[in-house]
Amino acid sequence: MSDTISSIPTGVDSSNPPDFPAFTARTLAQLRRQTPLVQAITNSVVTNFTANALLALGTAPAMVDIPAEAGVFARLASGLLINLGTPTPSQVEAALEAAAAAHETGTPWVLDPVAVGVLPVRTALARQLLAFEPAVVRGNASEIIAVAGGGGGGRGVDATDSVAQAEQTAIALALRTGGVVAVSGPVDFITDGHTQVRVANGTPLLTQVTGGGCALGGVMAACAALAATPAERLATTVAAVAIYTIAAERAAAQARGPGSFAVRFIDELASLSAHEVLTQARIEVAAT
Amino acid sequence: MSDTISSIPTGVDSSNPPDFPAFTARTLAQLRRQTPLVQAITNSVVTNFTANALLALGTAPAMVDIPAEAGVFARLASGLLINLGTPTPSQVEAALEAAAAAHETGTPWVLDPVAVGVLPVRTALARQLLAFEPAVVRGNASEIIAVAGGGGGGRGVDATDSVAQAEQTAIALALRTGGVVAVSGPVDFITDGHTQVRVANGTPLLTQVTGGGCALGGVMAACAALAATPAERLATTVAAVAIYTIAAERAAAQARGPGSFAVRFIDELASLSAHEVLTQARIEVAAT
Amino acid sequence: MSDTISSIPTGVDSSNPPDFPAFTARTLAQLRRQTPLVQAITNSVVTNFTANALLALGTAPAMVDIPAEAGVFARLASGLLINLGTPTPSQVEAALEAAAAAHETGTPWVLDPVAVGVLPVRTALARQLLAFEPAVVRGNASEIIAVAGGGGGGRGVDATDSVAQAEQTAIALALRTGGVVAVSGPVDFITDGHTQVRVANGTPLLTQVTGGGCALGGVMAACAALAATPAERLATTVAAVAIYTIAAERAAAQARGPGSFAVRFIDELASLSAHEVLTQARIEVAAT
C-alpha cells in the first residue's frame, strides 16, 4: 500500500463527475460545520470508541437504543447506525423500531451486520432490516456474502472470504437495496451497483483494535446525513472510508502498538486537514 | 477563562463559612484515604471511563445495575449514581430499586438525567426518581430545565439552553428536592437553593470525550458520601466539580487532541495535589 | 516484588515436569500463531478493554452473549470466558446456555465470579455454573471463598480476605471441579489441587484500571484453548498469569498514572517477547 493510486474522478452521475479526494475534503469540513446528530444502536464492546470517534470528527453522537425511544429519535437524527454486534432482546426491538422510523422519514441509515451468517439471531434480524432499505450496508467480505443470503459467514467477527470474492455479491446487494454497499479489507470496495470505488488507505492496526470497523459505520452514517441526494451517498460513503483510513494511517505511523494507536487515531480524526486528505487519499474508480 | 476568579468563602452555613478551595483540597485527600464505595447505574457508553475516573481518584466503584442486586448494594454503598443515558428495561427496574433503597437508608445519590425531555422513557423515569430525593441532580441546562418539568430538552445529549437560562429553574428544583442542583457549562453553576456557586475551571475537551459529563456524576456521588451532614453536600458537590475540572484543565494543557486528553485526564485525577487545587481553583460564591 | 523468585520447574505430571517460564514463552508464540477464537460473556464495564487485550495478544475475541447465540458459538469457540460482573437477565440465560454447550463439547471455559457473595443473582448463578466444570475459576480471595460456599464475599469488587486465607479453599475447589483455581493478589496463587504455583509478577496499577482482573480471565480462556490435555491447563493458566503480569510490569515502568498505564499495557501485550518472559518471570512451584 505504499504506492499512491492516482485519483481518477470518474462520475457517479456522468453529468457531474465527482473528484473523490476533493469531495472527501469538503465532507470533512461539512462534518465539523454542521455537526450532524448521529444515532447509534451498536454493540456493547464498541459504544465508547464509536462515540469518541464521532465526537472527534465534530459530529454529535447519541447512543439511543432503547425501545420506545429509538424510533422517536430516528425521526430527529441526521443519520443512524444499526450495528448487530451484540443484539440483546431490547436492542433487537429498538433496531426494528428505528429502522422503520428512518425508512419512513428518509433518515439515512447504515446497517453493519457483524458476524451475520454464523449466528442465528442477528442473521434473521439483518435480513429483516434490509426491507427498510439501508443507505449503506457495510461489513467484511464474509458478512456481506452472508447478509445477501449466501455463504455461512466468517469465523466469529473475522472474514474468511477475500474482498474480491464479495464484489459481485456487493454489486447485486446494492442494486437490490437501492443503496451503497461497502466491503472492508486491505483495500476497501464501495459500490452503488453502478460504480465501483476502491480505497487503498488504512493500516492493519485497525483490525487489532476492537471497534476499528464498527466506528466506521458511525462515520458513514454521519457522512450520509450530509448527502444532498441519495445519489450522492456513494460519494459520502467513499469520503467516510477515506477520512477514517487516512486518519488511521497517520496514527499508525506514530504508534508503538494497538493501545497507543487507538489514542492517536482519535487525535488524528480531530486534527485531520483538507490538505492531508488531498495528498494522502488513494482512491480508484471504475464504472461497472 | 484565563483570569482567576477570586475565591470568596461565603458561608453555606453562615456560622461556619466554607473556604471552597480549602474544602476541595481536604475532600481530595479524604477520597484517597477513605476509598468510598460508589455504586454506578450508568449508561453503556461511559461505564468504563466512569469506573476509571473513580479508580484514579482512589474510590472503589462498582457498576451494580441488575434488578434484585441494585437495591441490596445501595444499602451497602457509600454513594450512588443513577445516570439515565441508556435506560434498558433491566436498568430502569434497577434504578427504581436502588433509589428507593438509598432513600430509605440515607445513602446519598446523584441523578444525571441525560437527554431527558426529548426521549419518553427516561423523562418519565427521571420525574419518578425525583420523589426519592437525590442529594444532587446534575445535567446540562436543557436537561435541568426538562427534568424540572419545563422545556423540551436539548438536541440529543447537547444543551440548547445556556447555563444562565437554567439558573432560576435549578434554584427552584433544589428547594423542591432538598438537595443540590448542578448545571454544567463553560462555567458550572451549583446551588442548594440558598447559595449559588460558580466554578470556572474546565476545558472544551471535556465535551469532546464521551462520558466527560457522566463521570463527573460519579465523582459527585463519591464526594457526597464524605459529607458529614446533608448541608455539607453543596460544598462536596463544588469540590467534585473543582477536582474534576482542574484535572481536566491540566490534562488539556498537555494533550494533542481528545484521545490523548482522555488518557492524560485519568493520570491527572490520580496525581492531582492539594497545592494544585488551591492555586488553580476558580470558584465564586453568592448568597441567593 | 523486586527480587526474582527462582523458577523451580517441579512437575505437574511427574514424568514430564514443565519449566513454567519456557512453557509460558511457547504459549505466547502459540497464541500469535494459532489465533484461538475466544468467546467472552463479560460485564459491560470491561468488554472493550478485554477485547483489546485479547486482540493485542493475537487472539480472536468475540463477545457473543445473547441467548440463542451464546450456546451455538460456544460449540465453535476455542475457549470461553464467563464473567459475572453485570449479569443482566439476558446474560444469565446466555451464560447458562454457553456453559452447558462448552461442557458438552469440551470447550475449556473460565468462570470469573465477580463480587459473588455480596450479591444474590450472581451468587446463585456462579454456584449453578460450577456444575458445568469450568477449566479455570479465577477471582480475588473473597470471591474464591464465596463461590466455594464460604464467607460473605468482599467489599463490592474488592477482596477483604488475603490470598493466603483462600489457598486451602482454592485447593478444595480445584479438586471438586476437576479444574484449575487461580486467586489474584499481590502474588497470584494457581492450583489444580495437586500442585501450587505462585506468580509474583504484577503491579498495583492493575487494580487501578477497571478490567485489570477481568481481562486476565479472557487470556486464561485463550491459553486454556491451547492445552493439549486437561492436565496441561495448570500450565496454561500459569502462562496466562505470567504473560499478563509481565506485560503489566513493563507498562507500569513507563506510565505516569493509570490512564497511560492502560494504553501502554495493550502495547506491551502486543510486543512482549519470549526473551522478556524468560528473563522476567517470577514463578514458584510446590507440590501439595
# chains A, B, ... in the order shown; residues from 1 in each chain; ligands from 1

$ interface_residues --of "chain A" --to "chain B" --cutoff "10 Å" --atoms "only C-alpha atoms" --output "PyMOL selection string"
chain A and resi 37-39+42-73+76-77+90-91+260-271

$ select_by_dssp --residues "range 30-278 of chain B" --states "strand (DSSP E)" --output "VMD selection string"
chain B and resid 37 to 41 60 to 62 79 to 83 109 to 112 136 to 140 180 to 184 188 to 191 195 to 199

$ atom_distance --atom1 "CA of Thr160 in chain B" --atom2 "CA of Val180 in chain B"
22.2 Å

$ residues_around --residues "Thr105 in chain C" --least-positions-apart "3" --cutoff "12 Å" --atoms "only C-alpha atoms" --output "compact mmCIF listing (two decimals) with all heavy atoms, in the first residue's frame"
# COMPACT_ATOMS: atom_id res chain seq x y z
N GLY C 71 -24.86 -20.29 23.02
CA GLY C 71 -24.63 -21.74 23.01
C GLY C 71 -24.08 -22.22 21.68
O GLY C 71 -23.15 -23.04 21.62
N VAL C 72 -24.64 -21.69 20.60
CA VAL C 72 -24.16 -22.02 19.25
C VAL C 72 -22.67 -21.70 19.15
O VAL C 72 -21.87 -22.50 18.67
CB VAL C 72 -24.93 -21.20 18.19
CG1 VAL C 72 -24.33 -21.39 16.80
CG2 VAL C 72 -26.42 -21.54 18.20
N PHE C 73 -22.33 -20.50 19.62
CA PHE C 73 -20.95 -20.05 19.46
C PHE C 73 -19.99 -20.83 20.36
O PHE C 73 -18.84 -21.08 19.98
CB PHE C 73 -20.85 -18.56 19.73
CG PHE C 73 -19.65 -17.94 19.08
CD1 PHE C 73 -19.64 -17.72 17.71
CD2 PHE C 73 -18.53 -17.59 19.81
CE1 PHE C 73 -18.52 -17.16 17.08
CE2 PHE C 73 -17.41 -17.04 19.20
CZ PHE C 73 -17.41 -16.82 17.83
N ALA C 74 -20.45 -21.23 21.54
CA ALA C 74 -19.57 -21.97 22.47
C ALA C 74 -19.13 -23.30 21.85
O ALA C 74 -18.09 -23.85 22.23
CB ALA C 74 -20.28 -22.20 23.80
N ARG C 75 -19.90 -23.80 20.90
CA ARG C 75 -19.51 -25.04 20.21
C ARG C 75 -18.42 -24.80 19.18
O ARG C 75 -17.71 -25.72 18.79
CB ARG C 75 -20.73 -25.67 19.52
CG ARG C 75 -21.77 -26.15 20.52
CD ARG C 75 -23.08 -26.57 19.87
NE ARG C 75 -24.07 -26.81 20.91
CZ ARG C 75 -24.17 -27.94 21.61
NH1 ARG C 75 -23.36 -28.95 21.34
NH2 ARG C 75 -25.07 -28.06 22.57
N LEU C 76 -18.31 -23.57 18.71
CA LEU C 76 -17.31 -23.22 17.70
C LEU C 76 -16.05 -22.63 18.31
O LEU C 76 -14.97 -22.67 17.71
CB LEU C 76 -17.87 -22.15 16.75
CG LEU C 76 -19.21 -22.44 16.07
CD1 LEU C 76 -19.68 -21.21 15.31
CD2 LEU C 76 -19.05 -23.63 15.13
N ALA C 77 -16.20 -22.02 19.47
CA ALA C 77 -15.09 -21.26 20.06
C ALA C 77 -13.98 -22.19 20.54
O ALA C 77 -14.22 -23.35 20.87
CB ALA C 77 -15.61 -20.42 21.22
N SER C 78 -12.76 -21.66 20.58
CA SER C 78 -11.62 -22.40 21.12
C SER C 78 -11.64 -22.36 22.64
O SER C 78 -11.18 -23.29 23.30
CB SER C 78 -10.31 -21.77 20.63
OG SER C 78 -10.37 -21.44 19.27
N GLY C 79 -12.13 -21.25 23.19
CA GLY C 79 -12.21 -21.07 24.64
C GLY C 79 -13.32 -20.08 24.96
O GLY C 79 -13.75 -19.33 24.09
N LEU C 80 -13.76 -20.09 26.21
CA LEU C 80 -14.92 -19.27 26.62
C LEU C 80 -14.64 -18.65 27.99
O LEU C 80 -14.16 -19.34 28.89
CB LEU C 80 -16.16 -20.17 26.69
CG LEU C 80 -17.40 -19.67 27.44
CD1 LEU C 80 -18.04 -18.49 26.70
CD2 LEU C 80 -18.41 -20.80 27.61
N ALA C 98 -24.25 -21.18 27.25
CA ALA C 98 -22.88 -21.33 26.77
C ALA C 98 -22.10 -22.33 27.61
O ALA C 98 -21.34 -23.15 27.08
CB ALA C 98 -22.18 -19.98 26.76
N ALA C 99 -22.27 -22.27 28.93
CA ALA C 99 -21.54 -23.19 29.80
C ALA C 99 -21.97 -24.63 29.53
O ALA C 99 -21.14 -25.54 29.49
CB ALA C 99 -21.78 -22.83 31.27
N ALA C 100 -23.27 -24.83 29.32
CA ALA C 100 -23.76 -26.18 29.02
C ALA C 100 -23.18 -26.69 27.71
O ALA C 100 -22.73 -27.84 27.61
CB ALA C 100 -25.29 -26.18 28.96
N ALA C 101 -23.15 -25.82 26.71
CA ALA C 101 -22.61 -26.22 25.40
C ALA C 101 -21.11 -26.49 25.49
O ALA C 101 -20.61 -27.46 24.92
CB ALA C 101 -22.89 -25.14 24.36
N ALA C 102 -20.40 -25.66 26.22
CA ALA C 102 -18.95 -25.84 26.38
C ALA C 102 -18.67 -27.15 27.10
O ALA C 102 -17.76 -27.90 26.74
CB ALA C 102 -18.36 -24.67 27.15
N PRO C 108 -12.89 -25.55 26.66
CA PRO C 108 -12.50 -25.12 28.01
C PRO C 108 -13.07 -23.74 28.31
O PRO C 108 -13.06 -22.85 27.46
CB PRO C 108 -10.97 -25.06 27.92
CG PRO C 108 -10.65 -24.89 26.48
CD PRO C 108 -11.75 -25.57 25.72
N TRP C 109 -13.58 -23.58 29.53
CA TRP C 109 -14.16 -22.28 29.88
C TRP C 109 -13.72 -21.82 31.25
O TRP C 109 -13.38 -22.61 32.12
CB TRP C 109 -15.68 -22.31 29.69
CG TRP C 109 -16.44 -23.10 30.71
CD1 TRP C 109 -16.61 -24.45 30.75
CD2 TRP C 109 -17.15 -22.56 31.83
NE1 TRP C 109 -17.38 -24.79 31.83
CE2 TRP C 109 -17.74 -23.65 32.50
CE3 TRP C 109 -17.36 -21.26 32.32
CZ2 TRP C 109 -18.52 -23.48 33.65
CZ3 TRP C 109 -18.13 -21.08 33.46
CH2 TRP C 109 -18.70 -22.19 34.11
N PHE C 132 -21.05 -27.14 35.52
CA PHE C 132 -20.55 -27.34 34.16
C PHE C 132 -19.01 -27.39 34.10
O PHE C 132 -18.41 -27.25 33.06
CB PHE C 132 -21.11 -26.27 33.22
CG PHE C 132 -22.60 -26.30 33.10
CD1 PHE C 132 -23.39 -25.30 33.65
CD2 PHE C 132 -23.22 -27.37 32.46
CE1 PHE C 132 -24.77 -25.34 33.56
CE2 PHE C 132 -24.60 -27.42 32.35
CZ PHE C 132 -25.39 -26.41 32.91

$ calpha_fit_rmsd --fixed "chain B" --moving "chain A"
0.0 Å

$ residues_around --residues "Arg233 in chain A" --least-positions-apart "6" --cutoff "8 Å" --atoms "only C-alpha atoms" --output "list of chain:residue names"
A:Ala135, A:Gly179, A:Val180, A:Ala224, A:Ala227

$ write_last_selection --atoms "all heavy atoms" --output "PDB file, in the first residue's frame"
ATOM      1  N   ALA A 135     -29.273   2.965   3.636  1.00  0.00           N
ATOM      2  CA  ALA A 135     -28.493   3.802   2.712  1.00  0.00           C
ATOM      3  C   ALA A 135     -27.148   3.149   2.444  1.00  0.00           C
ATOM      4  O   ALA A 135     -26.597   3.254   1.341  1.00  0.00           O
ATOM      5  CB  ALA A 135     -28.304   5.186   3.317  1.00  0.00           C
ATOM      6  N   GLY A 179     -29.171   1.129  -2.322  1.00  0.00           N
ATOM      7  CA  GLY A 179     -28.213   1.928  -1.555  1.00  0.00           C
ATOM      8  C   GLY A 179     -26.788   1.577  -1.924  1.00  0.00           C
ATOM      9  O   GLY A 179     -26.505   1.073  -3.010  1.00  0.00           O
ATOM     10  N   VAL A 180     -25.899   1.834  -0.989  1.00  0.00           N
ATOM     11  CA  VAL A 180     -24.473   1.598  -1.178  1.00  0.00           C
ATOM     12  C   VAL A 180     -24.081   0.366  -0.371  1.00  0.00           C
ATOM     13  O   VAL A 180     -24.654   0.115   0.697  1.00  0.00           O
ATOM     14  CB  VAL A 180     -23.680   2.848  -0.707  1.00  0.00           C
ATOM     15  CG1 VAL A 180     -22.173   2.591  -0.729  1.00  0.00           C
ATOM     16  CG2 VAL A 180     -24.043   4.050  -1.564  1.00  0.00           C
ATOM     17  N   ALA A 224     -23.419  10.227   5.406  1.00  0.00           N
ATOM     18  CA  ALA A 224     -24.647  10.054   4.617  1.00  0.00           C
ATOM     19  C   ALA A 224     -25.641  11.165   4.925  1.00  0.00           C
ATOM     20  O   ALA A 224     -26.425  11.578   4.059  1.00  0.00           O
ATOM     21  CB  ALA A 224     -25.266   8.688   4.897  1.00  0.00           C
ATOM     22  N   ALA A 227     -25.390  14.071   2.558  1.00  0.00           N
ATOM     23  CA  ALA A 227     -25.641  13.894   1.119  1.00  0.00           C
ATOM     24  C   ALA A 227     -26.834  14.752   0.694  1.00  0.00           C
ATOM     25  O   ALA A 227     -27.890  14.727   1.329  1.00  0.00           O
ATOM     26  CB  ALA A 227     -25.912  12.431   0.816  1.00  0.00           C
TER      27      ALA A 227
END

$ residues_around --residues "Ala164 in chain C" --least-positions-apart "5" --cutoff "12 Å" --atoms "only C-alpha atoms" --output "VMD selection string"
chain C and resid 140 to 142 144 to 145 169 to 171 183 to 190 198

$ select_by_dssp --residues "range 21-239 of chain B" --states "helix (DSSP H, G or I)" --output "PyMOL selection string"
chain B and resi 21-34+47-56+70-76+89-105+120-132+141-147+163-177+204-208+214-224+230-239
